[in-house]
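upload_2.cif (mmCIF, C-alpha atoms)
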data_query
#
loop_
_atom_site.label_atom_id
_atom_site.label_comp_id
_atom_site.auth_asym_id
_atom_site.auth_seq_id
_atom_site.Cartn_x
_atom_site.Cartn_y
_atom_site.Cartn_z
CA MET A 1 -63.45 -88.30 143.91
CA THR A 2 -61.67 -86.31 141.20
CA SER A 3 -63.41 -83.03 140.43
CA THR A 4 -64.58 -82.26 136.91
CA PRO A 5 -61.97 -79.50 136.38
CA ARG A 6 -59.16 -81.86 137.44
CA ARG A 7 -60.50 -84.66 135.30
CA LEU A 8 -60.67 -82.33 132.31
CA GLN A 9 -57.13 -81.11 133.01
CA ALA A 10 -55.92 -84.70 133.05
CA GLU A 11 -57.70 -85.42 129.76
CA LEU A 12 -56.13 -82.42 128.08
CA ALA A 13 -52.68 -83.33 129.37
CA SER A 14 -52.98 -86.71 127.65
CA LEU A 15 -53.71 -85.22 124.21
CA THR A 16 -50.97 -84.82 121.61
CA THR A 17 -52.53 -81.57 120.42
CA GLU A 18 -52.22 -80.12 123.94
CA ALA A 19 -48.65 -81.23 124.68
CA PHE A 20 -46.15 -78.68 125.99
CA ARG A 21 -42.87 -78.29 124.12
CA PRO A 22 -40.15 -77.08 126.48
CA GLU A 23 -37.75 -76.46 123.59
CA LEU A 24 -40.03 -73.60 122.52
CA SER A 25 -40.42 -72.05 125.96
CA GLU A 26 -38.43 -68.99 124.97
CA ILE A 27 -39.94 -68.49 121.52
CA ASP A 28 -41.09 -65.02 122.54
CA GLN A 29 -37.43 -64.01 122.83
CA LEU A 30 -36.60 -64.92 119.22
CA PRO A 31 -36.40 -62.52 116.25
CA THR A 32 -39.61 -62.37 114.22
CA LEU A 33 -38.01 -64.01 111.19
CA ASP A 34 -36.88 -66.98 113.30
CA ILE A 35 -40.40 -67.45 114.68
CA ALA A 36 -41.77 -67.30 111.14
CA ARG A 37 -39.26 -69.96 110.06
CA LEU A 38 -40.30 -72.16 112.97
CA MET A 39 -43.97 -71.84 112.08
CA ASN A 40 -43.29 -72.53 108.43
CA GLY A 41 -41.32 -75.64 109.35
CA GLU A 42 -44.15 -76.84 111.56
CA ASP A 43 -46.70 -76.34 108.79
CA ALA A 44 -44.56 -78.24 106.29
CA GLY A 45 -45.38 -81.52 108.02
CA VAL A 46 -49.15 -81.12 107.96
CA ALA A 47 -49.67 -82.37 104.40
CA ALA A 48 -47.66 -85.51 105.18
CA ALA A 49 -49.83 -86.19 108.24
CA VAL A 50 -52.92 -85.90 106.05
CA GLY A 51 -51.28 -88.21 103.51
CA VAL A 52 -51.09 -91.00 106.08
CA ARG A 53 -54.91 -90.96 106.29
CA LEU A 54 -55.71 -90.82 102.57
CA PRO A 55 -57.21 -94.34 102.45
CA GLN A 56 -59.67 -93.43 105.22
CA ILE A 57 -60.42 -90.08 103.59
CA ALA A 58 -61.08 -91.72 100.20
CA ALA A 59 -63.40 -94.32 101.75
CA ALA A 60 -65.39 -91.58 103.46
CA ILE A 61 -65.65 -89.59 100.21
CA ASP A 62 -66.99 -92.56 98.25
CA ALA A 63 -69.61 -93.18 100.93
CA ILE A 64 -70.59 -89.49 101.03
CA ALA A 65 -70.86 -89.26 97.23
CA GLU A 66 -73.03 -92.37 97.08
CA ARG A 67 -75.55 -90.79 99.45
CA MET A 68 -75.44 -87.34 97.92
CA ALA A 69 -76.13 -88.89 94.51
CA ARG A 70 -79.41 -90.08 96.04
CA GLY A 71 -80.25 -86.57 97.19
CA GLY A 72 -78.57 -86.63 100.59
CA ARG A 73 -76.87 -83.70 102.27
CA LEU A 74 -73.37 -83.18 103.69
CA MET A 75 -73.31 -81.60 107.15
CA TYR A 76 -70.36 -80.49 109.24
CA ALA A 77 -70.64 -80.12 113.02
CA GLY A 78 -68.01 -78.63 115.28
CA ALA A 79 -67.23 -76.01 117.91
CA GLY A 80 -64.85 -73.08 117.84
CA THR A 81 -62.20 -73.24 115.11
CA ALA A 82 -63.39 -76.66 113.94
CA GLY A 83 -66.96 -75.40 113.57
CA ARG A 84 -65.85 -72.28 111.73
CA LEU A 85 -63.84 -74.36 109.26
CA GLY A 86 -66.90 -76.49 108.58
CA VAL A 87 -69.08 -73.44 108.00
CA LEU A 88 -66.41 -71.98 105.70
CA ASP A 89 -66.19 -75.13 103.59
CA ALA A 90 -69.98 -75.39 103.33
CA SER A 91 -70.37 -71.74 102.37
CA GLU A 92 -67.90 -72.11 99.49
CA CYS A 93 -69.83 -74.92 97.79
CA PRO A 94 -72.71 -72.89 96.26
CA PRO A 95 -70.51 -70.43 94.32
CA THR A 96 -67.96 -73.09 93.35
CA PHE A 97 -70.21 -76.01 92.47
CA ASN A 98 -73.65 -74.38 92.13
CA THR A 99 -75.02 -76.48 94.97
CA ASP A 100 -78.18 -75.55 96.81
CA PRO A 101 -77.24 -73.83 100.10
CA ALA A 102 -79.12 -76.60 101.92
CA GLN A 103 -77.03 -79.34 100.25
CA VAL A 104 -73.82 -78.71 102.20
CA VAL A 105 -74.40 -77.30 105.68
CA GLY A 106 -72.05 -76.14 108.41
CA LEU A 107 -73.22 -76.33 112.03
CA ILE A 108 -71.25 -74.54 114.74
CA ALA A 109 -71.95 -74.90 118.45
CA GLY A 110 -73.74 -71.75 119.52
CA GLY A 111 -75.12 -70.91 116.08
CA PRO A 112 -74.09 -68.18 113.60
CA GLU A 113 -73.07 -65.79 116.38
CA ALA A 114 -70.32 -68.24 117.32
CA MET A 115 -68.58 -67.58 114.00
CA VAL A 116 -67.24 -64.31 115.39
CA THR A 117 -67.88 -64.55 119.15
CA SER A 118 -67.00 -67.22 121.67
CA ILE A 119 -70.22 -68.79 122.98
CA GLU A 120 -69.26 -70.15 126.38
CA GLY A 121 -70.42 -73.67 127.15
CA ALA A 122 -71.86 -74.41 123.69
CA GLU A 123 -69.12 -76.91 122.81
CA ASP A 124 -69.90 -78.91 125.95
CA SER A 125 -73.52 -79.57 124.96
CA GLU A 126 -74.41 -82.83 123.26
CA GLU A 127 -78.06 -81.82 123.63
CA LEU A 128 -77.46 -78.73 121.51
CA ALA A 129 -75.96 -80.87 118.75
CA ARG A 130 -78.98 -83.16 118.77
CA ALA A 131 -81.33 -80.19 118.59
CA ASP A 132 -79.39 -78.66 115.68
CA LEU A 133 -79.57 -81.91 113.71
CA ASP A 134 -83.24 -82.47 114.52
CA ALA A 135 -84.00 -79.01 113.14
CA LEU A 136 -82.55 -80.21 109.83
CA LYS A 137 -84.50 -83.50 109.90
CA VAL A 138 -81.44 -85.67 109.30
CA GLY A 139 -82.15 -88.87 107.37
CA ALA A 140 -80.47 -92.02 106.07
CA ASP A 141 -79.08 -90.41 102.90
CA ASP A 142 -77.40 -87.59 104.81
CA THR A 143 -73.82 -87.46 106.08
CA VAL A 144 -72.72 -85.77 109.31
CA VAL A 145 -69.01 -84.99 109.75
CA GLY A 146 -68.03 -84.23 113.33
CA ILE A 147 -64.90 -82.05 113.54
CA SER A 148 -62.77 -81.66 116.66
CA ALA A 149 -59.02 -81.26 117.03
CA SER A 150 -59.02 -82.95 120.42
CA GLY A 151 -61.53 -85.59 119.33
CA ARG A 152 -63.33 -85.19 122.65
CA THR A 153 -65.60 -82.16 122.06
CA PRO A 154 -69.10 -83.11 123.31
CA TYR A 155 -70.90 -81.10 120.59
CA ALA A 156 -69.09 -82.94 117.77
CA ILE A 157 -69.42 -86.36 119.43
CA GLY A 158 -73.08 -85.73 120.23
CA ALA A 159 -73.76 -84.79 116.60
CA VAL A 160 -72.10 -87.96 115.30
CA GLU A 161 -73.80 -90.26 117.80
CA HIS A 162 -77.23 -88.76 117.17
CA ALA A 163 -76.78 -88.82 113.38
CA ARG A 164 -75.71 -92.46 113.49
CA ALA A 165 -78.77 -93.34 115.58
CA LEU A 166 -80.90 -91.69 112.89
CA GLY A 167 -79.29 -93.90 110.22
CA ALA A 168 -77.12 -91.21 108.62
CA LEU A 169 -73.53 -91.78 107.49
CA THR A 170 -71.05 -90.43 110.02
CA VAL A 171 -67.45 -89.24 109.79
CA GLY A 172 -65.28 -88.23 112.74
CA LEU A 173 -62.36 -85.90 111.96
CA ALA A 174 -59.88 -85.47 114.82
CA CYS A 175 -56.18 -84.71 115.36
CA ASN A 176 -55.47 -87.20 118.15
CA GLU A 177 -55.26 -90.97 117.96
CA HIS A 178 -57.76 -93.19 119.76
CA SER A 179 -60.26 -90.34 119.92
CA ALA A 180 -63.82 -90.72 121.13
CA LEU A 181 -65.03 -88.86 118.04
CA ALA A 182 -63.43 -91.24 115.55
CA ALA A 183 -64.64 -94.22 117.59
CA ALA A 184 -68.22 -92.90 117.49
CA ALA A 185 -68.25 -92.53 113.69
CA GLU A 186 -68.47 -95.07 110.89
CA HIS A 187 -65.49 -93.42 109.24
CA GLY A 188 -62.84 -92.21 111.67
CA ILE A 189 -60.13 -89.90 110.29
CA GLU A 190 -57.39 -89.03 112.77
CA VAL A 191 -54.75 -86.70 111.36
CA VAL A 192 -52.01 -86.50 113.99
CA VAL A 193 -49.97 -83.33 113.46
CA GLY A 194 -48.33 -83.28 116.89
CA PRO A 195 -48.07 -80.56 119.53
CA GLU A 196 -48.65 -76.98 118.45
CA LEU A 197 -46.06 -74.22 118.34
CA ILE A 198 -48.17 -72.36 120.91
CA THR A 199 -49.35 -74.94 123.43
CA GLY A 200 -52.95 -75.93 122.82
CA SER A 201 -53.57 -73.43 120.00
CA THR A 202 -55.25 -75.92 117.69
CA ARG A 203 -56.20 -73.27 115.15
CA LEU A 204 -52.61 -73.75 113.92
CA LYS A 205 -51.45 -77.15 112.61
CA ALA A 206 -54.63 -78.96 113.64
CA GLY A 207 -56.76 -76.28 111.98
CA THR A 208 -54.68 -76.47 108.81
CA ALA A 209 -55.03 -80.26 108.74
CA GLN A 210 -58.79 -80.03 109.19
CA LYS A 211 -59.04 -77.50 106.37
CA LEU A 212 -57.06 -79.78 104.05
CA VAL A 213 -59.30 -82.75 104.82
CA LEU A 214 -62.50 -80.73 104.43
CA ASN A 215 -61.21 -79.47 101.07
CA MET A 216 -60.90 -83.10 100.00
CA LEU A 217 -64.24 -84.23 101.37
CA SER A 218 -66.23 -81.54 99.57
CA THR A 219 -64.16 -81.12 96.40
CA ILE A 220 -63.66 -84.78 95.55
CA THR A 221 -67.28 -85.56 96.41
CA MET A 222 -68.31 -82.87 93.92
CA ILE A 223 -65.97 -84.35 91.30
CA ARG A 224 -67.64 -87.74 91.84
CA LEU A 225 -71.04 -86.06 91.43
CA GLY A 226 -70.08 -84.62 88.04
CA LYS A 227 -69.66 -81.04 89.21
CA THR A 228 -66.43 -80.72 87.23
CA TYR A 229 -65.31 -81.55 83.69
CA GLY A 230 -61.70 -82.54 84.01
CA ASN A 231 -60.37 -79.90 86.36
CA LEU A 232 -62.79 -77.21 85.18
CA MET A 233 -65.51 -75.81 87.47
CA VAL A 234 -68.32 -76.32 84.98
CA ASP A 235 -71.00 -75.85 87.62
CA VAL A 236 -69.65 -72.48 88.78
CA ARG A 237 -72.37 -69.96 89.61
CA ALA A 238 -71.76 -66.74 87.66
CA SER A 239 -73.04 -64.30 90.27
CA ASN A 240 -70.64 -61.40 89.64
CA ASP A 241 -68.45 -59.92 86.89
CA LYS A 242 -65.41 -61.98 87.89
CA LEU A 243 -67.36 -65.24 87.83
CA ARG A 244 -69.04 -64.33 84.53
CA ALA A 245 -65.60 -63.79 83.02
CA ARG A 246 -64.47 -67.08 84.54
CA SER A 247 -67.51 -68.82 83.02
CA ARG A 248 -66.57 -67.64 79.53
CA ARG A 249 -62.99 -68.75 80.08
CA ILE A 250 -64.09 -72.21 81.25
CA VAL A 251 -66.27 -72.66 78.16
CA SER A 252 -63.34 -71.54 76.00
CA LEU A 253 -60.92 -73.95 77.66
CA ALA A 254 -63.37 -76.85 77.34
CA THR A 255 -64.40 -76.22 73.73
CA GLY A 256 -61.87 -73.95 71.98
CA ALA A 257 -64.88 -72.12 70.52
CA SER A 258 -64.85 -68.51 69.34
CA ASP A 259 -66.06 -65.66 71.55
CA GLY A 260 -69.21 -65.37 69.47
CA GLU A 261 -70.05 -69.06 69.80
CA ILE A 262 -69.44 -68.92 73.54
CA GLU A 263 -71.68 -65.87 74.04
CA LYS A 264 -74.45 -67.49 71.98
CA ALA A 265 -74.24 -70.78 73.88
CA LEU A 266 -74.20 -69.08 77.30
CA THR A 267 -77.15 -66.89 76.35
CA GLU A 268 -79.18 -69.88 75.12
CA SER A 269 -78.34 -71.83 78.28
CA GLY A 270 -79.19 -69.03 80.66
CA GLY A 271 -75.56 -68.67 81.70
CA GLU A 272 -75.16 -72.34 82.66
CA VAL A 273 -71.56 -73.23 81.84
CA LYS A 274 -72.06 -76.98 81.66
CA ASN A 275 -75.01 -76.61 79.28
CA ALA A 276 -73.09 -74.20 77.07
CA ILE A 277 -70.15 -76.61 76.78
CA LEU A 278 -72.44 -79.47 75.86
CA ALA A 279 -74.30 -77.34 73.32
CA ILE A 280 -71.05 -76.41 71.57
CA LEU A 281 -69.34 -79.82 71.69
CA ALA A 282 -72.45 -81.82 70.77
CA GLY A 283 -73.82 -79.27 68.31
CA VAL A 284 -77.22 -79.08 70.02
CA ASP A 285 -79.40 -76.20 71.16
CA GLY A 286 -79.85 -75.03 74.74
CA PRO A 287 -83.02 -77.02 75.58
CA THR A 288 -81.54 -80.22 74.15
CA ALA A 289 -78.38 -79.72 76.19
CA ALA A 290 -80.48 -79.24 79.32
CA ARG A 291 -82.42 -82.43 78.61
CA LEU A 292 -79.29 -84.50 77.98
CA LEU A 293 -77.73 -83.28 81.21
CA GLU A 294 -80.86 -84.03 83.20
CA GLU A 295 -80.96 -87.55 81.76
CA SER A 296 -77.29 -88.07 82.66
CA GLY A 297 -77.73 -86.88 86.24
CA GLY A 298 -75.71 -83.76 85.54
CA HIS A 299 -72.58 -85.61 84.37
CA LEU A 300 -71.19 -83.78 81.34
CA ARG A 301 -69.08 -86.67 80.06
CA ALA A 302 -72.08 -89.02 80.18
CA ALA A 303 -74.23 -86.44 78.38
CA LEU A 304 -71.58 -86.08 75.68
CA ALA A 305 -71.50 -89.85 75.25
CA ASP A 306 -75.29 -89.95 74.98
CA ALA A 307 -75.13 -87.24 72.34
CA GLY A 308 -72.67 -89.37 70.35
CA THR A 309 -69.80 -86.91 70.76
#

Render the structure in this file as structure tokens.
Amino acid sequence: MTSTPRRLQAELASLTTEAFRPELSEIDQLPTLDIARLMNGEDAGVAAAVGVRLPQIAAAIDAIAERMARGGRLMYAGAGTAGRLGVLDASECPPTFNTDPAQVVGLIAGGPEAMVTSIEGAEDSEELARADLDALKVGADDTVVGISASGRTPYAIGAVEHARALGALTVGLACNEHSALAAAAEHGIEVVVGPELITGSTRLKAGTAQKLVLNMLSTITMIRLGKTYGNLMVDVRASNDKLRARSRRIVSLATGASDGEIEKALTESGGEVKNAILAILAGVDGPTAARLLEESGGHLRAALADAGT
């Protein structure tokens, strides 16, 4: 009977992301600039690999947005680099789109400590994934995105399988074809970027591909939810001087109003950019702008239409 280590070795040998490239076996002997050129050339093909999967990505986004519009949450689950990328994407949503920190959540095998320290064995535990999801009380309006370059990480697969059993929407993001992760999910997204420059170092092309897809999942979902006005971040949270300056600039770009009008509108709206834009464009006061936005589900264009603008 084949031992577990040998079986795992055979599995890894069959994965595109783990393939050895003999033509690069002397890369360590090259000048630094040549290695940089090689890496840059490798990275140039990542966007094209993502492009092949755009229909699957778009279908997943529409399904995620539909559930989030009903109050559902978006959750990422992964181990190692994949988990860290999910946590990173989730952590950027509150300052960018003014989401509640509980609305987009990143789960990494081993917990927060695993962001900076390798937690041995955590990625191999499907039970840990189930426990992490149960702690969040996953429901039918939620979405769980399992992330794994290999597409075989037990933590990511366990999260997707458990979430699907609970009735949640599931997405499996992998970098190998015919992956167990994509097969376990309702929406499988397999971005095949090929073997890495450094054999098996999937923080490279695979990590870049995952980051690009996660950017799309969160950003376009937020666009669908009305978190932008055109390409302006009208739900930005002005939590520091830079973001307060950005808020004023966004209101200016959206309205063309004078500095005085912008300051007045932002003050009346409590610093809410979307409300200030509506107040200026529709000629209403702060409370009226807030009411119109609430009635439109936070969609600025719909609120402007309701105001007859």

Exercise. Evaluating the PyMOL selection byres ((chain A and resi 218-225) around 9) on the displayed file yields which residues, as a list in words?
Worked result: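 For this structure, the PyMOL selection byres ((chain A and resi 218-225) around 9) captures Ala58, Ile61, Asp62, Ile64, Ala65, Glu66, Met68, Ala69, Leu74, Asp89, Ala90, Cys93, Phe97, Val104, Val213, Leu214, Asn215, Met216, Leu217, Gly226, Lys227, Thr228, Tyr229, Gly230, Asn231, Gly297, Gly298 and His299 of chain A.
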
For this session: Go through A:Leu85, A:Ala59, A:Ala140, A:Leu232 and flag the residue nearest Arg203 (chain A), using only C-alpha atoms for the distances.
Result: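 Answer, going by the shortest atom-to-atom distance: A:Leu85.
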
For this session: Provide the CA of Ala185 (chain A) to CA of Ile147 (chain A) distance in Å, to one decimal place.
Result: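 Value for the CA of Ala185 (chain A)-CA of Ile147 (chain A) distance: 11.0 Å.
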
Problem set entry | Best match for closeness to Ala60 (chain A) among A:Glu126, A:Glu294, A:Glu186, A:Glu261, counting only C-alpha atoms |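 Nearest to Ala60 (chain A): A:Glu186.
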
Problem set entry | Exercise: Glu123 (chain A) partners within 9 Å, all atoms listed in the file, chain neighbours under 5 positions left out, as an NGL selection string | :A and (78-80 or 108-110 or 128-129 or 153-156)

Exercise. Restricting the calculation to only C-alpha atoms, which member of A:Leu33, A:Gly270, A:Gly72, A:Pro95 is positioned closest to Lys242 (chain A)?
Worked result: A:Pro95

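From CA of Glu113 (chain A) back to CA of Asp132 (chain A), the distance works out to 14.4 Å.
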
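Proximity to Glu161 (chain A) at 8 Å, evaluated using all atoms listed in the file and with sequence-adjacent residues fewer than 3 positions away removed, yields Ile157, Gly158, Arg164, Ala165, Ala184 and Ala185 of chain A.
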
Exercise. Exactly which residues make up the result of the PyMOL selection byres ((chain A and resi 179) around 12) on this file, given as a PyMOL selection string?
Worked result: chain A and resi 11+14-17+146-154+156-157+172-178+180-185+188-192

For this session: For CA of Leu169 (chain A) and CA of Leu204 (chain A), quote the distance in Å rounded to one decimal.
Result: 28.4 Å

Seminar exercise, completed: In terms of only C-alpha atoms, the residue from A:Leu107, A:Thr267, A:Thr143, A:Ala206 at minimal distance from Ser91 (chain A) is A:Leu107

Seminar exercise, completed: Shortest contact to Val193 (chain A), candidates A:Ala48, A:Ile280, A:Ala36, A:Ile27, atoms counted only C-alpha atoms, goes to A:Ala48

For this session: Go through A:Ala19, A:Ala307, A:Lys205, A:Val171 and flag the residue nearest Ala47 (chain A), using all atoms listed in the file for the distances.
Result: A:Lys205

For this session: Would you list the residues near (-39.4, -75.4, 124.0) (no more than 12 Å away, in the coordinates of the file, using only C-alpha atoms) as a PyMOL selection string?
Result: chain A and resi 19-30+38+195-199

I'd like the neighbourhood of Arg248 (chain A) as a CSV table (one decimal) with C-alpha atoms, keeping the file's coordinate frame, where a residue qualifies if any of its atoms comes within 7 Å (using only C-alpha atoms), though same-chain residues fewer than 4 positions away should be ignored.
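Here's the written file part23.csv:
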chain,number,residue,atom,x,y,z
A,244,ARG,CA,-69.0,-64.3,84.5
A,252,SER,CA,-63.3,-71.5,76.0
A,262,ILE,CA,-69.4,-68.9,73.5

Can you report as lines of an AutoDock Vina configuration file the centre and edge lengths in Å, to one decimal, of an axis-aligned box around the listed atoms of region 50-68 of chain A padded with 4 Å on each side?
center_x = -63.3
center_y = -90.1
center_z = 101.7
size_x = 32.5
size_y = 16.4
size_z = 17.2

For this session: Please write the residues picked by the PyMOL selection byres ((chain A and resi 278) around 10) on this file as a list of chain:residue names.
Result: A:Val251, A:Ala254, A:Thr255, A:Ala265, A:Ser269, A:Val273, A:Lys274, A:Asn275, A:Ala276, A:Ile277, A:Ala279, A:Ile280, A:Leu281, A:Ala282, A:Gly283, A:Val284, A:Asp285, A:Gly286, A:Thr288, A:Ala289, A:Ala290, A:Leu292, A:Leu293, A:Leu300, A:Arg301, A:Ala303, A:Leu304, A:Ala307, A:Thr309
